[in-house]
>>> print(open('model-v3.cif').read())   # mmCIF, C-alpha atoms
data_entry
loop_
_atom_site.label_atom_id
_atom_site.label_comp_id
_atom_site.auth_asym_id
_atom_site.auth_seq_id
_atom_site.Cartn_x
_atom_site.Cartn_y
_atom_site.Cartn_z
CA MET E 59 69.61 64.63 99.78
CA ARG E 60 69.95 66.09 103.28
CA PHE E 61 68.40 69.50 103.93
CA LEU E 62 69.14 69.90 107.65
CA PRO E 63 72.65 70.82 108.80
CA THR E 64 74.70 68.02 110.28
CA ASP E 65 76.07 68.10 113.80
CA GLU E 66 79.53 68.81 112.37
CA GLN E 67 78.24 71.78 110.38
CA ARG E 68 76.47 73.20 113.42
CA ASP E 69 79.59 72.75 115.55
CA PHE E 70 81.71 74.45 112.87
CA ALA E 71 79.37 77.45 112.78
CA ARG E 72 79.31 77.68 116.59
CA SER E 73 83.11 77.54 116.78
CA LEU E 74 83.41 80.38 114.26
CA ASP E 75 80.82 82.42 116.17
CA ALA E 76 82.75 81.95 119.42
CA MET E 77 86.08 82.76 117.78
CA LEU E 78 84.81 85.94 116.12
CA THR E 79 83.05 87.07 119.28
CA ALA E 80 86.34 86.78 121.16
CA ALA E 81 88.20 88.54 118.33
CA ASP E 82 86.36 91.87 118.90
CA THR E 83 85.50 92.45 115.26
CA PRO E 84 84.11 96.00 115.80
CA THR E 85 87.64 97.14 116.70
CA ALA E 86 89.04 95.40 113.60
CA ILE E 87 86.33 96.96 111.41
CA ARG E 88 87.06 100.49 112.62
CA ALA E 89 90.81 100.00 112.19
CA TRP E 90 90.32 98.66 108.65
CA ALA E 91 88.19 101.68 107.74
CA ALA E 92 90.94 103.97 109.09
CA GLY E 93 93.55 102.31 106.86
CA ASP E 94 95.06 100.01 109.49
CA PRO E 95 94.54 96.40 108.35
CA GLY E 96 96.55 94.92 111.23
CA PRO E 97 93.67 93.82 113.51
CA GLY E 98 91.70 92.63 110.49
CA ARG E 99 94.67 90.59 109.27
CA ALA E 100 94.84 88.95 112.70
CA VAL E 101 91.20 87.90 112.35
CA TRP E 102 91.97 86.73 108.81
CA ALA E 103 94.79 84.51 110.04
CA ARG E 104 92.46 82.87 112.55
CA LEU E 105 89.90 82.24 109.80
CA GLY E 106 92.63 80.58 107.77
CA GLU E 107 93.57 78.38 110.73
CA ALA E 108 89.91 77.41 111.10
CA GLY E 109 89.87 76.24 107.47
CA VAL E 110 87.38 78.76 106.09
CA PHE E 111 89.32 79.48 102.89
CA ALA E 112 90.17 75.81 102.39
CA LEU E 113 86.48 75.02 101.84
CA ALA E 114 86.60 76.25 98.21
CA ALA E 115 89.86 74.47 97.30
CA PRO E 116 90.33 70.79 96.36
CA GLU E 117 92.40 68.46 98.51
CA ALA E 118 95.06 68.30 95.78
CA TYR E 119 95.96 71.90 96.67
CA GLU E 120 95.82 71.60 100.47
CA GLY E 121 92.12 72.39 100.58
CA MET E 122 89.19 70.53 102.12
CA GLY E 123 86.65 70.94 99.36
CA PRO E 124 84.94 71.96 97.40
CA LEU E 125 82.36 72.14 100.22
CA PRO E 126 79.81 74.84 99.33
CA VAL E 127 77.36 73.99 102.12
CA GLU E 128 80.05 74.29 104.79
CA LEU E 129 81.23 77.52 103.20
CA ALA E 130 77.69 78.92 103.36
CA HIS E 131 77.53 78.13 107.08
CA ALA E 132 80.91 79.81 107.59
CA PHE E 133 79.99 82.97 105.71
CA VAL E 134 76.74 83.37 107.60
CA GLU E 135 78.93 83.74 110.69
CA LEU E 136 81.33 86.10 108.88
CA GLY E 137 78.33 88.24 107.94
CA ARG E 138 76.91 88.03 111.45
CA HIS E 139 80.18 89.51 112.77
CA ALA E 140 80.72 91.88 109.78
CA VAL E 141 84.28 90.63 109.23
CA PRO E 142 86.23 93.22 107.19
CA GLY E 143 88.31 92.54 104.11
CA PRO E 144 87.90 90.78 100.74
CA VAL E 145 86.83 87.43 102.20
CA VAL E 146 84.38 86.76 99.37
CA GLU E 147 86.94 87.74 96.76
CA THR E 148 89.56 85.42 98.25
CA VAL E 149 87.12 82.52 98.04
CA ALA E 150 86.24 83.47 94.46
CA ALA E 151 89.95 83.65 93.53
CA THR E 152 90.48 80.24 95.12
CA ALA E 153 87.61 78.78 93.11
CA LEU E 154 88.90 80.38 89.90
CA LEU E 155 92.40 78.93 90.29
CA ALA E 156 91.03 75.51 91.23
CA GLU E 157 88.75 75.48 88.19
CA LEU E 158 91.64 76.48 85.94
CA ALA E 159 93.62 73.54 87.27
CA GLU E 160 90.69 71.22 86.52
CA ARG E 161 90.67 72.54 82.95
CA GLY E 162 94.35 71.83 82.34
CA GLU E 163 96.06 74.99 83.70
CA PRO E 164 97.55 73.82 87.04
CA GLY E 165 100.45 76.30 87.14
CA PRO E 166 98.69 79.26 88.79
CA ALA E 167 96.96 76.95 91.29
CA LYS E 168 100.20 75.28 92.37
CA ARG E 169 101.82 78.67 92.83
CA LEU E 170 99.05 80.65 94.53
CA LEU E 171 96.52 78.34 96.17
CA PRO E 172 98.60 77.24 99.18
CA GLY E 173 98.82 80.83 100.44
CA LEU E 174 95.13 81.49 99.85
CA VAL E 175 94.00 78.27 101.53
CA THR E 176 95.97 78.87 104.73
CA GLY E 177 94.98 82.52 105.03
CA GLY E 178 98.57 83.67 104.55
CA THR E 179 97.61 85.56 101.36
CA VAL E 180 94.82 88.12 101.21
CA ALA E 181 93.52 88.20 97.64
CA THR E 182 90.99 90.25 95.78
CA LEU E 183 89.48 89.65 92.37
CA ALA E 184 87.97 91.77 89.61
CA LEU E 185 85.89 90.27 86.79
CA ASP E 186 85.19 92.65 83.95
CA ASP E 187 81.60 91.50 83.40
CA VAL E 188 80.04 91.60 86.88
CA SER E 189 82.60 93.06 89.32
CA PRO E 190 85.10 95.31 87.51
CA TYR E 191 86.33 96.97 90.72
CA ALA E 192 88.58 95.12 93.14
CA LEU E 193 87.57 95.29 96.80
CA ASP E 194 90.30 96.42 99.21
CA ALA E 195 93.05 96.23 96.61
CA ASP E 196 95.14 98.55 98.79
CA ALA E 197 95.14 95.99 101.63
CA ALA E 198 95.43 92.82 99.51
CA ASP E 199 98.61 90.85 98.85
CA LEU E 200 97.33 89.65 95.48
CA VAL E 201 95.05 91.39 92.97
CA LEU E 202 93.76 89.06 90.26
CA VAL E 203 92.00 90.43 87.20
CA VAL E 204 90.04 88.64 84.49
CA ARG E 205 89.52 90.62 81.30
CA GLY E 206 87.95 88.60 78.53
CA GLU E 207 90.00 85.42 78.26
CA GLU E 208 93.04 86.71 80.18
CA LEU E 209 93.92 86.22 83.82
CA ARG E 210 96.57 88.57 85.18
CA ILE E 211 98.10 89.71 88.44
CA ALA E 212 97.49 93.45 88.46
CA PRO E 213 100.64 95.56 88.99
CA GLY E 214 98.72 97.94 91.24
CA HIS E 215 95.45 99.84 91.42
CA GLU E 216 94.04 103.25 90.65
CA GLU E 217 90.83 105.23 91.06
CA VAL E 218 90.04 104.17 94.63
CA ARG E 219 86.42 104.70 95.65
CA VAL E 220 84.73 104.40 99.04
CA SER E 221 81.38 102.66 98.94
CA ALA E 222 78.38 103.31 101.19
CA ASP E 223 80.33 101.30 103.75
CA PRO E 224 83.64 103.11 104.50
CA VAL E 225 85.22 99.73 105.34
CA ARG E 226 84.79 98.65 101.71
CA ARG E 227 87.18 100.46 99.35
CA LEU E 228 86.83 99.76 95.65
CA ALA E 229 89.69 100.25 93.19
CA ARG E 230 90.11 99.92 89.45
CA PRO E 231 93.05 97.53 88.89
CA ALA E 232 95.91 99.00 86.89
CA PRO E 233 96.24 97.67 83.33
CA GLY E 234 98.90 95.16 82.37
CA GLY E 235 100.61 92.93 84.86
CA GLU E 236 101.82 89.35 84.82
CA LEU E 237 99.82 87.06 82.54
CA LEU E 238 98.88 83.84 84.36
CA ALA E 239 96.60 82.19 81.81
CA VAL E 240 94.83 82.93 78.55
CA GLY E 241 92.11 81.16 76.60
CA PRO E 242 88.45 80.12 76.82
CA GLU E 243 89.14 78.14 79.99
CA VAL E 244 89.79 81.45 81.78
CA ALA E 245 86.30 82.71 80.97
CA LEU E 246 84.78 79.41 82.13
CA ALA E 247 86.76 79.50 85.37
CA ALA E 248 85.69 83.11 85.92
CA GLY E 249 82.06 81.99 85.70
CA ARG E 250 82.74 79.39 88.38
CA ALA E 251 84.41 82.03 90.57
CA ARG E 252 81.38 84.29 90.17
CA ASP E 253 79.08 81.48 91.35
CA TRP E 254 81.15 80.98 94.51
CA ALA E 255 81.10 84.74 95.07
CA LEU E 256 77.30 84.76 94.76
CA LEU E 257 77.02 82.02 97.37
CA ALA E 258 79.44 83.63 99.81
CA THR E 259 77.89 87.08 99.44
CA ALA E 260 74.36 85.70 99.93
CA ALA E 261 75.51 83.92 103.09
CA GLN E 262 77.20 87.08 104.35
CA ALA E 263 74.01 89.07 103.73
CA LEU E 264 71.90 86.54 105.62
CA GLY E 265 74.27 86.63 108.60
CA LEU E 266 74.30 90.43 108.55
CA GLY E 267 70.51 90.57 108.50
CA LEU E 268 70.24 88.11 111.40
CA ALA E 269 72.70 90.17 113.45
CA LEU E 270 70.74 93.36 112.75
CA LEU E 271 67.50 91.67 113.77
CA ASP E 272 69.00 90.30 117.00
CA ARG E 273 70.35 93.72 117.97
CA THR E 274 67.05 95.41 117.14
CA VAL E 275 64.97 92.92 119.14
CA ALA E 276 67.29 93.38 122.13
CA TYR E 277 66.96 97.17 121.86
CA ALA E 278 63.16 96.99 121.53
CA ARG E 279 63.02 94.99 124.76
CA GLN E 280 65.05 97.47 126.79
CA ARG E 281 63.96 100.83 125.31
CA THR E 282 60.87 102.14 127.05
CA GLN E 283 58.29 104.71 126.05
CA PHE E 284 55.16 105.66 127.97
CA GLY E 285 56.42 103.35 130.70
CA VAL E 286 56.55 100.15 128.59
CA PRO E 287 59.12 98.54 126.25
CA ILE E 288 58.68 99.70 122.67
CA GLY E 289 58.76 96.04 121.63
CA SER E 290 55.26 95.72 123.09
CA PHE E 291 53.86 98.14 120.48
CA GLN E 292 51.95 96.40 117.71
CA ALA E 293 53.60 98.43 114.94
CA VAL E 294 57.08 97.45 116.17
CA LYS E 295 56.08 93.80 116.52
CA HIS E 296 54.78 93.72 112.95
CA ARG E 297 57.93 95.33 111.57
CA LEU E 298 60.18 92.87 113.40
CA ALA E 299 58.02 89.92 112.32
CA ASP E 300 58.19 90.99 108.67
CA THR E 301 61.97 91.25 108.94
CA LEU E 302 62.22 87.77 110.46
CA ILE E 303 60.02 86.29 107.74
CA GLY E 304 62.18 87.81 105.03
CA LEU E 305 65.37 86.38 106.52
CA GLU E 306 63.86 82.97 107.19
CA PHE E 307 62.59 82.84 103.61
CA ALA E 308 66.13 83.53 102.39
CA ARG E 309 67.71 80.82 104.54
CA PRO E 310 66.39 77.74 102.64
CA LEU E 311 67.11 79.40 99.31
CA LEU E 312 70.72 79.90 100.40
CA PHE E 313 71.33 76.35 101.55
CA GLY E 314 69.32 74.89 98.68
CA ALA E 315 71.55 76.80 96.27
CA ALA E 316 74.63 75.53 98.12
CA LEU E 317 73.37 71.96 97.56
CA THR E 318 72.51 72.32 93.87
CA PHE E 319 75.08 74.99 92.99
CA GLY E 320 73.07 76.03 89.97
CA SER E 321 73.61 79.57 88.68
CA GLY E 322 69.91 80.38 88.77
CA ASP E 323 69.54 79.06 92.31
CA LEU E 324 72.59 81.02 93.46
CA ALA E 325 71.28 84.23 91.91
CA ALA E 326 67.87 83.68 93.57
CA ALA E 327 69.55 83.14 96.94
CA LYS E 328 71.70 86.23 96.45
CA VAL E 329 68.87 88.60 95.59
CA THR E 330 66.60 87.24 98.33
CA ALA E 331 69.23 87.37 101.07
CA GLY E 332 70.45 90.77 99.91
CA GLU E 333 66.97 92.29 99.92
CA ALA E 334 66.19 90.72 103.31
CA ALA E 335 69.37 92.15 104.84
CA HIS E 336 68.63 95.57 103.35
CA ALA E 337 65.12 95.44 104.83
CA ALA E 338 66.59 94.39 108.20
CA ALA E 339 68.81 97.47 108.10
CA GLY E 340 65.79 99.67 107.49
CA THR E 341 63.95 98.08 110.40
CA ALA E 342 66.98 98.45 112.68
CA LEU E 343 67.34 102.13 111.83
CA GLN E 344 63.64 102.87 112.32
CA VAL E 345 63.37 101.06 115.66
CA HIS E 346 66.59 102.55 117.05
CA GLY E 347 65.63 106.03 115.91
CA ALA E 348 68.20 108.82 115.90
CA ILE E 349 70.72 106.79 117.90
CA GLY E 350 70.99 104.44 114.94
CA TYR E 351 72.77 107.15 112.95
CA THR E 352 75.63 107.58 115.41
CA GLU E 353 79.02 106.21 114.45
CA GLU E 354 79.85 105.46 118.07
CA LEU E 355 77.17 102.77 118.18
CA ASP E 356 78.41 99.44 116.82
CA LEU E 357 75.09 99.06 115.01
CA SER E 358 76.33 101.51 112.38
CA LEU E 359 79.03 99.04 111.33
CA TRP E 360 76.34 96.57 110.35
CA LEU E 361 73.87 99.11 108.93
CA ARG E 362 76.36 100.45 106.40
CA ARG E 363 77.22 96.98 105.13
CA ALA E 364 73.69 96.01 104.06
CA ARG E 365 73.35 97.92 100.79
CA PRO E 366 76.87 97.21 99.48
CA LEU E 367 76.34 93.48 100.07
CA ARG E 368 72.99 93.64 98.29
CA ASP E 369 74.68 95.14 95.23
CA ALA E 370 78.03 93.29 95.29
CA TRP E 371 78.67 90.59 92.68
CA GLY E 372 75.44 91.35 90.85
CA GLY E 373 72.70 93.66 92.08
CA PRO E 374 69.03 92.71 92.33
CA SER E 375 68.26 93.41 88.65
CA TRP E 376 71.25 91.34 87.46
CA CYS E 377 70.31 88.45 89.75
CA ARG E 378 66.66 88.47 88.68
CA ALA E 379 67.68 88.48 85.03
CA ARG E 380 69.99 85.53 85.77
CA VAL E 381 67.16 83.59 87.39
CA LEU E 382 64.87 84.20 84.42
CA ALA E 383 67.59 83.22 81.95
CA GLU E 384 68.18 79.94 83.80
CA ARG E 385 64.48 79.12 83.88
#
>>> encode(input="model-v3.cif", output="structure tokens")
Amino acid sequence: MRFLPTDEQRDFARSLDAMLTAADTPTAIRAWAAGDPGPGRAVWARLGEAGVFALAAPEAYEGMGPLPVELAHAFVELGRHAVPGPVVETVAATALLAELAERGEPGPAKRLLPGLVTGGTVATLALDDVSPYALDADAADLVLVVRGEELRIAPGHEEVRVSADPVRRLARPAPGGELLAVGPEVALAAGRARDWALLATAAQALGLGLALLDRTVAYARQRTQFGVPIGSFQAVKHRLADTLIGLEFARPLLFGAALTFGSGDLAAAKVTAGEAAHAAAGTALQVHGAIGYTEELDLSLWLRRARPLRDAWGGPSWCRARVLAER
């Protein structure tokens, strides 16, 4: 078993980092929050061209996977750049449809997976047990809903809520809609989709935390007080070091879970990465001071994402209970 990333995996992550840097994601994030998904959809199309969504789909349906380790590397970069939209939910929907096909229900996969894999279709997913609200249903082309042993395409959405991050809008899918599949295999496939969502969300959280730490270290080096950079103060050094330790502790848990793909390991990675990112946000806000609250500063786009990612697809209590149940 290999624990270090390969050269190809490193190159893939670097190429995504370069692409997203050039894409000016802060502009796309602000437009998405204002109800204009156009710039975000342009970023989405480039992610599809890069093969990000194909990593969760088998080759039989134009995918490249399943490749959970590569997907973890990709979503660290998506978190680092705070890419807007239901990227995790699209991966989870892809995994759900692929698992249904493996269990003898290939119809929905043949119909829907090609669009998801190429990035041509933006999908969101609601599972009634762990994620009953659909993220960005108003901007999605496809809203899939699992209730019990039924998989449906929702006819619309209602009860839209804005989370702590105004970029993330949550909606209750409307009842009814086209029935795609029914039976115990739907519930089993939903469990598989949830596992992929845990992995992708944990990777996003790790990337977000690393970006917050990088920005905070850079600010601590340039901001001066009493004639010296604030990064030279012992209290600031300790806070930054604690944040780095938390993120670096989460990193091996994330990639270990991607290798084993066990539910308990995925839940452990999710809670650890989520808590580390949330702590990184607290450190960033404290070191930046009052300027950290301003919406004009790009930092706010990352700060607001930390808590929703920590709680998405199973909050800390749910994840810890999952770990204990698996042990």
>>> closest_residue(input="model-v3.cif", among="E:Leu257, E:Ile211, E:Ala308, E:Ala299", to="Glu236 (chain E)", atoms="all atoms listed in the file")
E:Ile211
>>> closest_residue(input="model-v3.cif", among="E:Asp75, E:Asp272, E:Asp186, E:Glu117", to="Trp371 (chain E)", atoms="only C-alpha atoms")
E:Asp186
>>> closest_residue(input="model-v3.cif", among="E:Trp90, E:Phe319, E:Phe133, E:Trp360", to="Ala338 (chain E)", atoms="only C-alpha atoms")
E:Trp360
>>> resolve_selection(input="model-v3.cif", expression="the PyMOL selection byres ((chain E and resi 210) around 10)", output="JSON, numbers by chain")
{"E": [201, 202, 203, 204, 205, 208, 209, 211, 212, 213, 233, 234, 235, 236, 237, 238, 239, 240]}
>>> write_last_selection(input="model-v3.cif", atoms="C-alpha atoms", output="PDB file, in the frame of the given file")
ATOM      1  CA  VAL E 201      95.050  91.390  92.970  1.00  0.00           C
ATOM      2  CA  LEU E 202      93.760  89.060  90.260  1.00  0.00           C
ATOM      3  CA  VAL E 203      92.000  90.430  87.200  1.00  0.00           C
ATOM      4  CA  VAL E 204      90.040  88.640  84.490  1.00  0.00           C
ATOM      5  CA  ARG E 205      89.520  90.620  81.300  1.00  0.00           C
ATOM      6  CA  GLU E 208      93.040  86.710  80.180  1.00  0.00           C
ATOM      7  CA  LEU E 209      93.920  86.220  83.820  1.00  0.00           C
ATOM      8  CA  ILE E 211      98.100  89.710  88.440  1.00  0.00           C
ATOM      9  CA  ALA E 212      97.490  93.450  88.460  1.00  0.00           C
ATOM     10  CA  PRO E 213     100.640  95.560  88.990  1.00  0.00           C
ATOM     11  CA  PRO E 233      96.240  97.670  83.330  1.00  0.00           C
ATOM     12  CA  GLY E 234      98.900  95.160  82.370  1.00  0.00           C
ATOM     13  CA  GLY E 235     100.610  92.930  84.860  1.00  0.00           C
ATOM     14  CA  GLU E 236     101.820  89.350  84.820  1.00  0.00           C
ATOM     15  CA  LEU E 237      99.820  87.060  82.540  1.00  0.00           C
ATOM     16  CA  LEU E 238      98.880  83.840  84.360  1.00  0.00           C
ATOM     17  CA  ALA E 239      96.600  82.190  81.810  1.00  0.00           C
ATOM     18  CA  VAL E 240      94.830  82.930  78.550  1.00  0.00           C
TER      19      VAL E 240
END
>>> closest_residue(input="model-v3.cif", among="E:Val180, E:Ala261, E:Ala103, E:Leu246", to="Gly332 (chain E)", atoms="all atoms listed in the file")
E:Ala261
>>> atom_distance(input="model-v3.cif", atom1="CA of Met122 (chain E)", atom2="CA of Gly320 (chain E)")
20.9 Å
>>> closest_residue(input="model-v3.cif", among="E:Glu384, E:Asp65, E:Asp369, E:Asp194", to="Val329 (chain E)", atoms="only C-alpha atoms")
E:Asp369
>>> atom_distance(input="model-v3.cif", atom1="CA of Phe313 (chain E)", atom2="CA of Ala364 (chain E)")
20.0 Å
>>> closest_residue(input="model-v3.cif", among="E:Leu324, E:Ala140, E:Val225, E:Ala181", to="Ala89 (chain E)", atoms="only C-alpha atoms")
E:Val225
>>> atom_distance(input="model-v3.cif", atom1="CA of Gln280 (chain E)", atom2="CA of Gln292 (chain E)")
16.0 Å
>>> residues_near_point(input="model-v3.cif", point="(70.3, 78.5, 96.2)", cutoff="7 Å", atoms="all atoms listed in the file", output="ChimeraX atom specification")
/E:311-316,318-319,323-324,326-327
>>> resolve_selection(input="model-v3.cif", expression="the PyMOL selection byres ((chain E and resi 279) around 12)", output="PyMOL selection string")
chain E and resi 272-278+280-283+286-291+294-295+298+345-346
>>> residues_around(input="model-v3.cif", residues="Leu155 (chain E)", least_positions_apart="3", cutoff="6 Å", atoms="all atoms listed in the file", output="VMD selection string")
chain E and resid 152 158 167
>>> resolve_selection(input="model-v3.cif", expression="the PyMOL selection byres ((chain E and resi 121) around 9)", output="list in words")
Gly109, Phe111, Ala112, Leu113, Ala114, Ala115, Pro116, Glu117, Ala118, Tyr119, Glu120, Met122, Gly123, Pro124, Leu171, Pro172, Val175 and Thr176 of chain E
>>> residues_around(input="model-v3.cif", residues="Ala325 (chain E)", least_positions_apart="3", cutoff="6 Å", atoms="all atoms listed in the file", output="list in words")
Gly322, Lys328 and Cys377 of chain E
